[in-house]
Amino acid sequence: MLHNYAAARAIGILIRVIPFSPFNPFWALIERKVTLFLRRLPYIRESVIARYGWRGWDIEDRWRSHYEMGDIFVLVTPQYNIIQLNDPQAAMRIFKRSADFPRPGWVNDILGVFGPNIASAEGQSWKMQRRVATRCFNEANNEIVWAETLDQSNAMLRYWSSKTSIKSSAEDIRTLTLNVFARAGFGKAFKFRGHGEEKSADETQSMSYRESLGLILENCIVILALGPKTLAFLARHWLPPKLKIVNNAVVSFQTYMTTMYEEKKRALATGEKNSDHNLMTLLVRVSQEATSEGLEGLTESEIYGNMFTFNFAGHDTTAHSSTFALYFLAANPDVQDWISEEIRCILGERQLHEMDYRTDFPRFKRCLSVLYETLRLYTIVPAMKWTGDRATTLTVGNKTLNLPPKTLIMPSYCSMHTDPKYWGSDSLTWRPSRWIRPGPANMPGHEEIEMNQRGVFLGWSEGIRDCPGEKFSQVEFVALLVGLFRKWRVEPVKNHAGESIEAARQRVLNLIREDSGWVLLLQMLHLERAPLVWSKV
């Protein structure tokens, strides 16, 4: 701690010292309860640890700390110094200078459960994996995402509309995104099954891909801490029942990926004509083509590692952002009408399955703006950089700072995304229309997305290590809204007979603001407190 404090002082910016590192797994388990307790105590509720000592402090704080301390300050912890940066130009310089500010690979170690992958790779290994991934996330794959999401959203809507109220929105959206990735990732189709519906006979007999992946994602920290091999060894001798189930999930998911890999490899080896552009097929095909051309392709272990990373990024992040958006929409009926107008204008008299992805998707700017506005206020996976093993410099405003080795730099997403000097006086209001610029025809389907100043919105990171699945997530999100809001509306269930619908909507907004936090990713924590109901218009 003293060494880190001395290093922070040498930078020459304001300092706040917190006695626990946010990367300490033990502290991560108890931080929320401890800080909530401390904040009830007089004289301590505004202390540094109560204010900055927990993951998610910046969601509550927004730009307040930067207005107090300037565009850059540093949090000193026992493990690392963490620079908080609220300067868009400086942030963009960091993303562009990838050699000076690499991504700390250890942050993504949790994604290496099944093998090396693009999220944790560095240097030439990363360049090779990025080249392969870029060829796989293509328009042909996006067409699969579009069609499958429309089908799944229609089935989910049938389930939701059959209930008097829905408390399982997050679980059902998670199932939908898992099913979409099963189809787009592995070429396997699953029927949508609502949270309250009985399992099919096949799923009862064996753990399904969806269940195994869900359990792995929920228990990633345990799996990473023990490792799959240690977990399997302990499962044979002694483990609590819950962890034995987790081990079964690891074995089941590994078996599923191996089976899919062998199927795709065999099909390509025999010259079988396969026009399906799912990610597993594309990874195997592109890797084999690279090898035949004398280039480096992915190993079997790297294919498994990347498929798990794509699973995690391709469904868990989209599931949480979609859940946030659904609850914002439930509290804003005018925005539901606004996107429905766009959907009906573009769709016309056609049925959902008659739409053409390549022609129609680019026109849904209002639906896309809902995703942008949701990520502006609640960024699911903020990117982090560091100086690595070398000291470097960074210019912030008119001052050049010397940054020591192993210094973490965190662009202050929650501040830059809501700072009134960039977003106006209503910067904390969820208003998707702020992103829309009317087109020449001044009608839905002919509008454009108007991006703010470069660097003040970082929904999918920036630079050469931006998210390769950005378009994938946008296509899935837009298709979900198109499937849900053409003819249907959602609103919160009233808590009691005397509660007005306006009060119920405000209660939902309060729940989003006050009860969102970090588990593995940023998410709403207790959705059962605000059940929803769907009605046809």
# chains A, B, ... in the order shown; residues from 1 in each chain; ligands from 1
>>> residues_around(residues="segment 118-131 of chain A", least_positions_apart="4", cutoff="10 Å", atoms="only C-alpha atoms", output="PyMOL selection string")
chain A and resi 99+102-112+135-136+283+286-287+290+295-298+302-303+305-306+309-310+313+464-465+467-468
>>> write_last_selection(atoms="N, CA and C atoms", output="CSV table (one decimal), in the first residue's frame")
chain,number,residue,atom,x,y,z
A,99,ALA,N,-0.2,-0.4,-27.7
A,99,ALA,CA,1.1,-0.9,-27.2
A,99,ALA,C,1.5,-0.3,-25.8
A,102,PRO,N,-2.0,-1.6,-22.9
A,102,PRO,CA,-2.7,-2.9,-23.2
A,102,PRO,C,-3.8,-3.2,-22.3
A,103,ARG,N,-4.7,-4.1,-22.7
A,103,ARG,CA,-5.7,-4.6,-21.8
A,103,ARG,C,-5.1,-5.6,-20.8
A,104,PRO,N,-5.3,-5.4,-19.5
A,104,PRO,CA,-4.8,-6.4,-18.5
A,104,PRO,C,-5.4,-7.8,-18.7
A,105,GLY,N,-4.6,-8.7,-19.2
A,105,GLY,CA,-5.1,-10.0,-19.5
A,105,GLY,C,-5.7,-10.7,-18.3
A,106,TRP,N,-5.1,-10.5,-17.1
A,106,TRP,CA,-5.6,-11.2,-16.0
A,106,TRP,C,-7.0,-10.9,-15.6
A,107,VAL,N,-7.5,-9.7,-16.1
A,107,VAL,CA,-8.9,-9.4,-15.8
A,107,VAL,C,-9.9,-10.4,-16.5
A,108,ASN,N,-9.4,-10.9,-17.7
A,108,ASN,CA,-10.3,-11.8,-18.4
A,108,ASN,C,-9.9,-13.3,-18.2
A,109,ASP,N,-9.1,-13.6,-17.2
A,109,ASP,CA,-8.7,-15.0,-16.9
A,109,ASP,C,-9.9,-15.8,-16.7
A,110,ILE,N,-11.0,-15.2,-16.2
A,110,ILE,CA,-12.2,-16.0,-15.9
A,110,ILE,C,-12.8,-16.6,-17.2
A,111,LEU,N,-12.4,-16.0,-18.3
A,111,LEU,CA,-12.9,-16.6,-19.6
A,111,LEU,C,-12.1,-17.7,-20.2
A,112,GLY,N,-10.9,-18.0,-19.5
A,112,GLY,CA,-10.0,-19.0,-20.0
A,112,GLY,C,-10.3,-20.4,-19.4
A,135,ARG,N,-13.5,-12.7,-39.4
A,135,ARG,CA,-14.0,-13.4,-40.5
A,135,ARG,C,-15.3,-14.2,-40.2
A,136,CYS,N,-15.4,-14.5,-38.9
A,136,CYS,CA,-16.5,-15.4,-38.4
A,136,CYS,C,-17.8,-14.5,-38.1
A,283,LEU,N,-15.3,-21.0,-37.4
A,283,LEU,CA,-14.0,-21.1,-36.8
A,283,LEU,C,-13.2,-22.3,-37.3
A,286,VAL,N,-12.3,-21.5,-41.2
A,286,VAL,CA,-11.3,-20.4,-41.3
A,286,VAL,C,-10.0,-20.9,-40.8
A,287,SER,N,-9.9,-21.6,-39.7
A,287,SER,CA,-8.7,-22.1,-39.2
A,287,SER,C,-8.0,-23.1,-40.2
A,290,ALA,N,-6.7,-21.2,-43.1
A,290,ALA,CA,-5.4,-20.5,-42.8
A,290,ALA,C,-4.2,-21.5,-42.8
A,295,LEU,N,-0.7,-20.1,-43.1
A,295,LEU,CA,-0.9,-19.2,-42.0
A,295,LEU,C,-1.2,-19.9,-40.7
A,296,GLU,N,-1.2,-19.2,-39.6
A,296,GLU,CA,-1.5,-19.9,-38.3
A,296,GLU,C,-3.0,-19.8,-38.1
A,297,GLY,N,-3.6,-21.0,-37.8
A,297,GLY,CA,-5.0,-21.0,-37.4
A,297,GLY,C,-5.2,-21.4,-36.0
A,298,LEU,N,-6.5,-21.4,-35.5
A,298,LEU,CA,-6.7,-21.7,-34.1
A,298,LEU,C,-6.5,-23.2,-33.9
A,302,GLU,N,-8.0,-23.5,-28.6
A,302,GLU,CA,-8.3,-22.1,-28.8
A,302,GLU,C,-9.8,-22.0,-29.4
A,303,ILE,N,-10.2,-23.0,-30.2
A,303,ILE,CA,-11.6,-23.0,-30.7
A,303,ILE,C,-12.5,-23.1,-29.5
A,305,GLY,N,-11.9,-22.4,-26.3
A,305,GLY,CA,-11.8,-21.2,-25.5
A,305,GLY,C,-12.6,-20.0,-26.1
A,306,ASN,N,-12.5,-19.8,-27.4
A,306,ASN,CA,-13.2,-18.8,-28.1
A,306,ASN,C,-14.7,-19.0,-28.1
A,309,THR,N,-15.9,-18.0,-24.8
A,309,THR,CA,-15.9,-16.5,-24.7
A,309,THR,C,-17.0,-15.9,-25.5
A,310,PHE,N,-17.3,-16.4,-26.8
A,310,PHE,CA,-18.4,-15.9,-27.6
A,310,PHE,C,-19.7,-16.2,-26.9
A,313,ALA,N,-19.9,-13.6,-24.0
A,313,ALA,CA,-20.1,-12.2,-24.5
A,313,ALA,C,-21.4,-12.1,-25.4
A,464,ILE,N,-8.4,-0.9,-31.5
A,464,ILE,CA,-8.2,-2.2,-32.2
A,464,ILE,C,-8.8,-3.4,-31.4
A,465,ARG,N,-9.0,-3.2,-30.1
A,465,ARG,CA,-9.5,-4.3,-29.3
A,465,ARG,C,-11.0,-4.0,-28.9
A,467,CYS,N,-15.1,-4.6,-29.5
A,467,CYS,CA,-15.8,-5.8,-29.4
A,467,CYS,C,-16.1,-6.4,-30.8
A,468,PRO,N,-15.6,-7.6,-31.2
A,468,PRO,CA,-15.8,-8.1,-32.5
A,468,PRO,C,-17.3,-8.5,-32.7
>>> select_by_dssp(residues="segment 360-521 of chain A", states="helix (DSSP H, G or I)", output="VMD selection string")
chain A and resid 360 to 363 365 to 377 413 to 416 420 to 423 432 to 435 470 to 485 501 to 514
>>> residues_around(residues="Pro404 of chain A", least_positions_apart="3", cutoff="7 Å", atoms="only C-alpha atoms", output="PyMOL selection string")
chain A and resi 7+391-392+407
>>> write_last_selection(atoms="N, CA and C atoms", output="tab-separated table (two decimals), in the first residue's frame")
chain	number	residue	atom	x	y	z
A	7	ALA	N	3.82	5.87	-5.44
A	7	ALA	CA	3.73	5.91	-6.91
A	7	ALA	C	2.61	6.85	-7.37
A	391	ALA	N	6.60	2.11	-17.68
A	391	ALA	CA	6.06	3.45	-17.43
A	391	ALA	C	5.74	4.10	-18.76
A	392	THR	N	4.78	5.02	-18.76
A	392	THR	CA	4.44	5.74	-19.99
A	392	THR	C	3.87	7.10	-19.62
A	407	THR	N	-0.09	0.45	-13.58
A	407	THR	CA	-1.13	1.38	-13.20
A	407	THR	C	-2.38	1.12	-14.05
>>> closest_residue(among="A:Ile13, A:Val396, A:Ile343, A:Ile59", to="Met355 of chain A", atoms="only C-alpha atoms")
A:Ile343
>>> select_by_dssp(residues="segment 376-453 of chain A", states="strand (DSSP E or B)", output="PyMOL selection string")
chain A and resi 385-386+392-396+399-403+407-411+436-437+448-449
